[in-house]
Amino acid sequence: MALCKRRLSQRLGARQGPDALAWLPGRFDLGPVTAPPECAMIYQQLINGLMLGASYALVAVGYTLIFGVLNLLYFAHGEVFMVGAFVGLFLVLYAGVGIYGALLGAMVACALLGVISVFVAVRPVSRANPLAPLISTIGLTIVLQNLAVLIFGGQQVAFPETINQQLYRLGPVTIGSVQIFILAVALVLMALLWLFIEHTKMGRAIRATAENHETAALLGVDVNRVVLVTFMIGSGIAGVAGVLDGIKNSGVSPFMGLTAAVKGLIVMLLGGLGNVPGAMVAGVLLGIIEILSAAYIGTTERDFFSFLILILILLCRPTGLFGTRTTQER
Amino acid sequence: MLDRLIDGYTLSVLIFAGINVIAAYSFYVPFKTGQVSLGQAGFMAVGAYASAVATQKFAIPFPLALMFGGLLAGLIGVLVGFPALRIKGVYLLLLTLGFAEIISVIALSWDYVGGAQGFRGIRYNPYTLDYVIVIIVALIFFFSRLERSSLGRAMDSIHQDETAAEVMGIDVVRIKLLAFGLGALIAGLAGALYAHQATFMDSTTFNILLAVEILVFVVVGGASTYWGPLFGALVLNAFPEVLRALREWLELLPVQWVDFYPMSAVYSFLREFLDFENAKRLIAYGVILIVTMILRPNGLLTRDLMRQWHLARRKVGHA
């Protein structure tokens, strides 16, 4: 029994010490500690991947929208995501609003930021040299990131617990209420976006502009307004994604934008440039691939796989898994 | 040579600025054929790690290791250049970015080159500045010749319109591969010089931010003339030093110049802003990038501007 206890305590981690097992009845033999069965493990990982993928998808959707209408690699998108997370944190900490208020506030603030960035870094820059708007949005990235460093310091700031974490068992997997919340918000947002793009007048204008700038303008679409609306929507969604990410990792940092930006780029490409539903599916796909490769191969190889996928897609299927909506040569 | 004349701080600023100039030229060569690469940091990493392995593990003298690093990076550049032939624009940007990230993951997980601990104890090279100057001068000479050669004009024509160039009988594939490989080679040299100056590096040293910075040097400096990368890299590297000097100069201002109302507000704002916090300097840097792109979307130095200067000088000469 003593041996059994020791073995168990080793498995539970040294911190607990032997006393942690004092409650065990004397003649109760646990046998070998059972790991969750292999299939349950894979379901659990799939759920985790879905979670990660949902946040990738939310970032990538904005990217791909903006790329679609402007043909511009909007570098500051990751920083918009970061700003969203900080606005959410600020609202929760100082305004005392609930999580819904934080999400809404972040969305509005980031939509505003999107508009500002159009007026500051996109519209005044001539598009004759395609690299010029890229550089100006890089400049914006640097400004936003360092403003955050200046205000909040260079460290990660803890995100307070706003949702009561409860664990639910669904068959073989365990899922927390935080995870359910994040997934639900992401799904609702994506569904709303899809409805907007496919079934409203503005959505049709966005699709037309993405197809061809000049033709859309000739047919009476106010391209400048479309660009503005696109930035608002993309940035707003990125802001919500930032808050969700803050909840998930229970912390936000001024440097969280870069990873999000790079992953968002990969997802955008995987889904096909300018293809919104493609970006949604591709985000989930990349999340699952990353989690599975981290779980079964190794955490350092995780990024290796996502970039390998990026390169393979570029070489074998440059239009992405689901094809691009825009057909112009890039 | 020069290190006897200037102090250590200035020396290291000069050296890293010089390495950045070389890196900027490594971006400029493939860009001359219209290939935008965010992978130059990856090629720098290849050169840096290869040369550091050569000097540390095989005790090869630095000049040989430098060449080895450059050539290996160039070779890998040609290999990456093959798939890069098929794609353009944003796709190429992402391909090269992915390549650089894969290099960094390899550096992180390969214990022979230090793995997560980083590559430590690289032999310090006391003559880095001399190497840097020689390489920059050689590069400028090379580009000044290239500009007027048939190869240089072929590169420009590929940049303008690939199909038209091909129709004119230019071997587009060969020239694009050559440009990509040459760019990678130059990046490899910059990386090798960096490694033996900093004596430490890890998988995050040559990251995407560095690649972006290299791109920024060239575009801000002006990518239509070979003086652009030099100018851009020098100006943007000098910028934080200028701010630093400005702050020191502020301290020396006579009090009676700044103690009346509008000046005192400006003075205290500047003092507040120019304290030695990195974030503020970077904010100013970002603002300058945006403003530059609004005012001069083709970069500070453009080919037209250079031509105007040339003509003006010639007129002065005749008069």
# chains A, B, ... in the order shown; residues from 1 in each chain; ligands from 1

call {"tool": "select_by_dssp", "arguments": {"residues": "segment 3-201 of chain A", "states": "helix (DSSP H, G or I)", "output": "PyMOL selection string"}}
result
chain A and resi 3-12+14-16+18-21+38-70+77-95+99-122+131-152+177-199+201

call {"tool": "interface_residues", "arguments": {"of": "chain A", "to": "chain B", "cutoff": "6 Å", "atoms": "only C-alpha atoms", "output": "MDAnalysis selection string"}}
result
chainID A and resid 124:125 132 136 139 142:143 146 304 307 311 330

call {"tool": "write_last_selection", "arguments": {"atoms": "C-alpha atoms", "output": "PDB file, in the first residue's frame"}}
result
ATOM      1  CA  PRO A 124      -3.201  58.880 -47.941  1.00  0.00           C
ATOM      2  CA  VAL A 125      -0.636  56.426 -49.272  1.00  0.00           C
ATOM      3  CA  ALA A 132       4.153  51.642 -49.837  1.00  0.00           C
ATOM      4  CA  SER A 136       2.831  52.395 -43.759  1.00  0.00           C
ATOM      5  CA  GLY A 139       4.630  51.710 -39.238  1.00  0.00           C
ATOM      6  CA  ILE A 142       5.057  49.541 -34.560  1.00  0.00           C
ATOM      7  CA  VAL A 143       3.183  52.565 -33.194  1.00  0.00           C
ATOM      8  CA  ASN A 146       4.762  50.409 -28.511  1.00  0.00           C
ATOM      9  CA  PHE A 304       7.194  23.790 -38.181  1.00  0.00           C
ATOM     10  CA  PHE A 307       4.735  26.696 -41.927  1.00  0.00           C
ATOM     11  CA  ILE A 311       4.732  26.261 -48.124  1.00  0.00           C
ATOM     12  CA  ARG A 330      -1.380  39.174 -57.429  1.00  0.00           C
TER      13      ARG A 330
END

call {"tool": "residues_around", "arguments": {"residues": "segment 81-83 of chain A", "least_positions_apart": "3", "cutoff": "6 Å", "atoms": "only C-alpha atoms", "output": "list in words"}}
result
Gly78, Phe86, Ala238, Gly239, Gly242 and Gly257 of chain A

call {"tool": "write_last_selection", "arguments": {"atoms": "N, CA and C atoms", "output": "mmCIF file, in the first residue's frame"}}
result
data_model
loop_
_atom_site.group_PDB
_atom_site.id
_atom_site.type_symbol
_atom_site.label_atom_id
_atom_site.label_comp_id
_atom_site.auth_asym_id
_atom_site.auth_seq_id
_atom_site.Cartn_x
_atom_site.Cartn_y
_atom_site.Cartn_z
ATOM 1 N N GLY A 78 -2.835 42.215 -36.679
ATOM 2 C CA GLY A 78 -2.487 41.548 -35.427
ATOM 3 C C GLY A 78 -2.497 42.513 -34.256
ATOM 4 N N PHE A 86 -6.673 44.435 -25.014
ATOM 5 C CA PHE A 86 -6.405 45.403 -23.939
ATOM 6 C C PHE A 86 -7.640 46.227 -23.613
ATOM 7 N N ALA A 238 -11.635 41.227 -35.175
ATOM 8 C CA ALA A 238 -10.317 40.971 -34.593
ATOM 9 C C ALA A 238 -10.295 41.390 -33.129
ATOM 10 N N GLY A 239 -10.975 42.500 -32.801
ATOM 11 C CA GLY A 239 -11.025 42.945 -31.410
ATOM 12 C C GLY A 239 -11.682 41.911 -30.518
ATOM 13 N N GLY A 242 -9.415 39.128 -29.947
ATOM 14 C CA GLY A 242 -8.399 39.466 -28.954
ATOM 15 C C GLY A 242 -8.894 39.226 -27.546
ATOM 16 N N GLY A 257 0.152 40.297 -30.709
ATOM 17 C CA GLY A 257 -0.349 40.559 -32.049
ATOM 18 C C GLY A 257 0.421 39.842 -33.140
#

call {"tool": "residues_around", "arguments": {"residues": "segment 151-159 of chain B", "least_positions_apart": "2", "cutoff": "6 Å", "atoms": "only C-alpha atoms", "output": "NGL selection string"}}
result
:B and (32-34 or 146-147 or 149 or 161-162 or 165)

call {"tool": "write_last_selection", "arguments": {"atoms": "C-alpha atoms", "output": "short mmCIF file (atom, residue, chain, number, x, y, z; two decimals), in the first residue's frame"}}
result
data_model
loop_
_atom_site.label_atom_id
_atom_site.label_comp_id
_atom_site.auth_asym_id
_atom_site.auth_seq_id
_atom_site.Cartn_x
_atom_site.Cartn_y
_atom_site.Cartn_z
CA LYS B 32 15.43 44.26 -58.77
CA THR B 33 13.72 41.41 -60.62
CA GLY B 34 10.43 42.06 -58.82
CA LEU B 146 25.27 46.31 -62.88
CA GLU B 147 23.02 49.30 -63.48
CA SER B 149 25.13 46.31 -67.85
CA ASP B 161 6.88 43.14 -67.18
CA GLU B 162 7.96 39.55 -67.05
CA ALA B 165 10.98 40.49 -71.03
#

call {"tool": "residues_around", "arguments": {"residues": "Gln156 of chain A", "least_positions_apart": "2", "cutoff": "8 Å", "atoms": "only C-alpha atoms", "output": "number ranges by chain"}}
result
A: 154, 158, 251-254
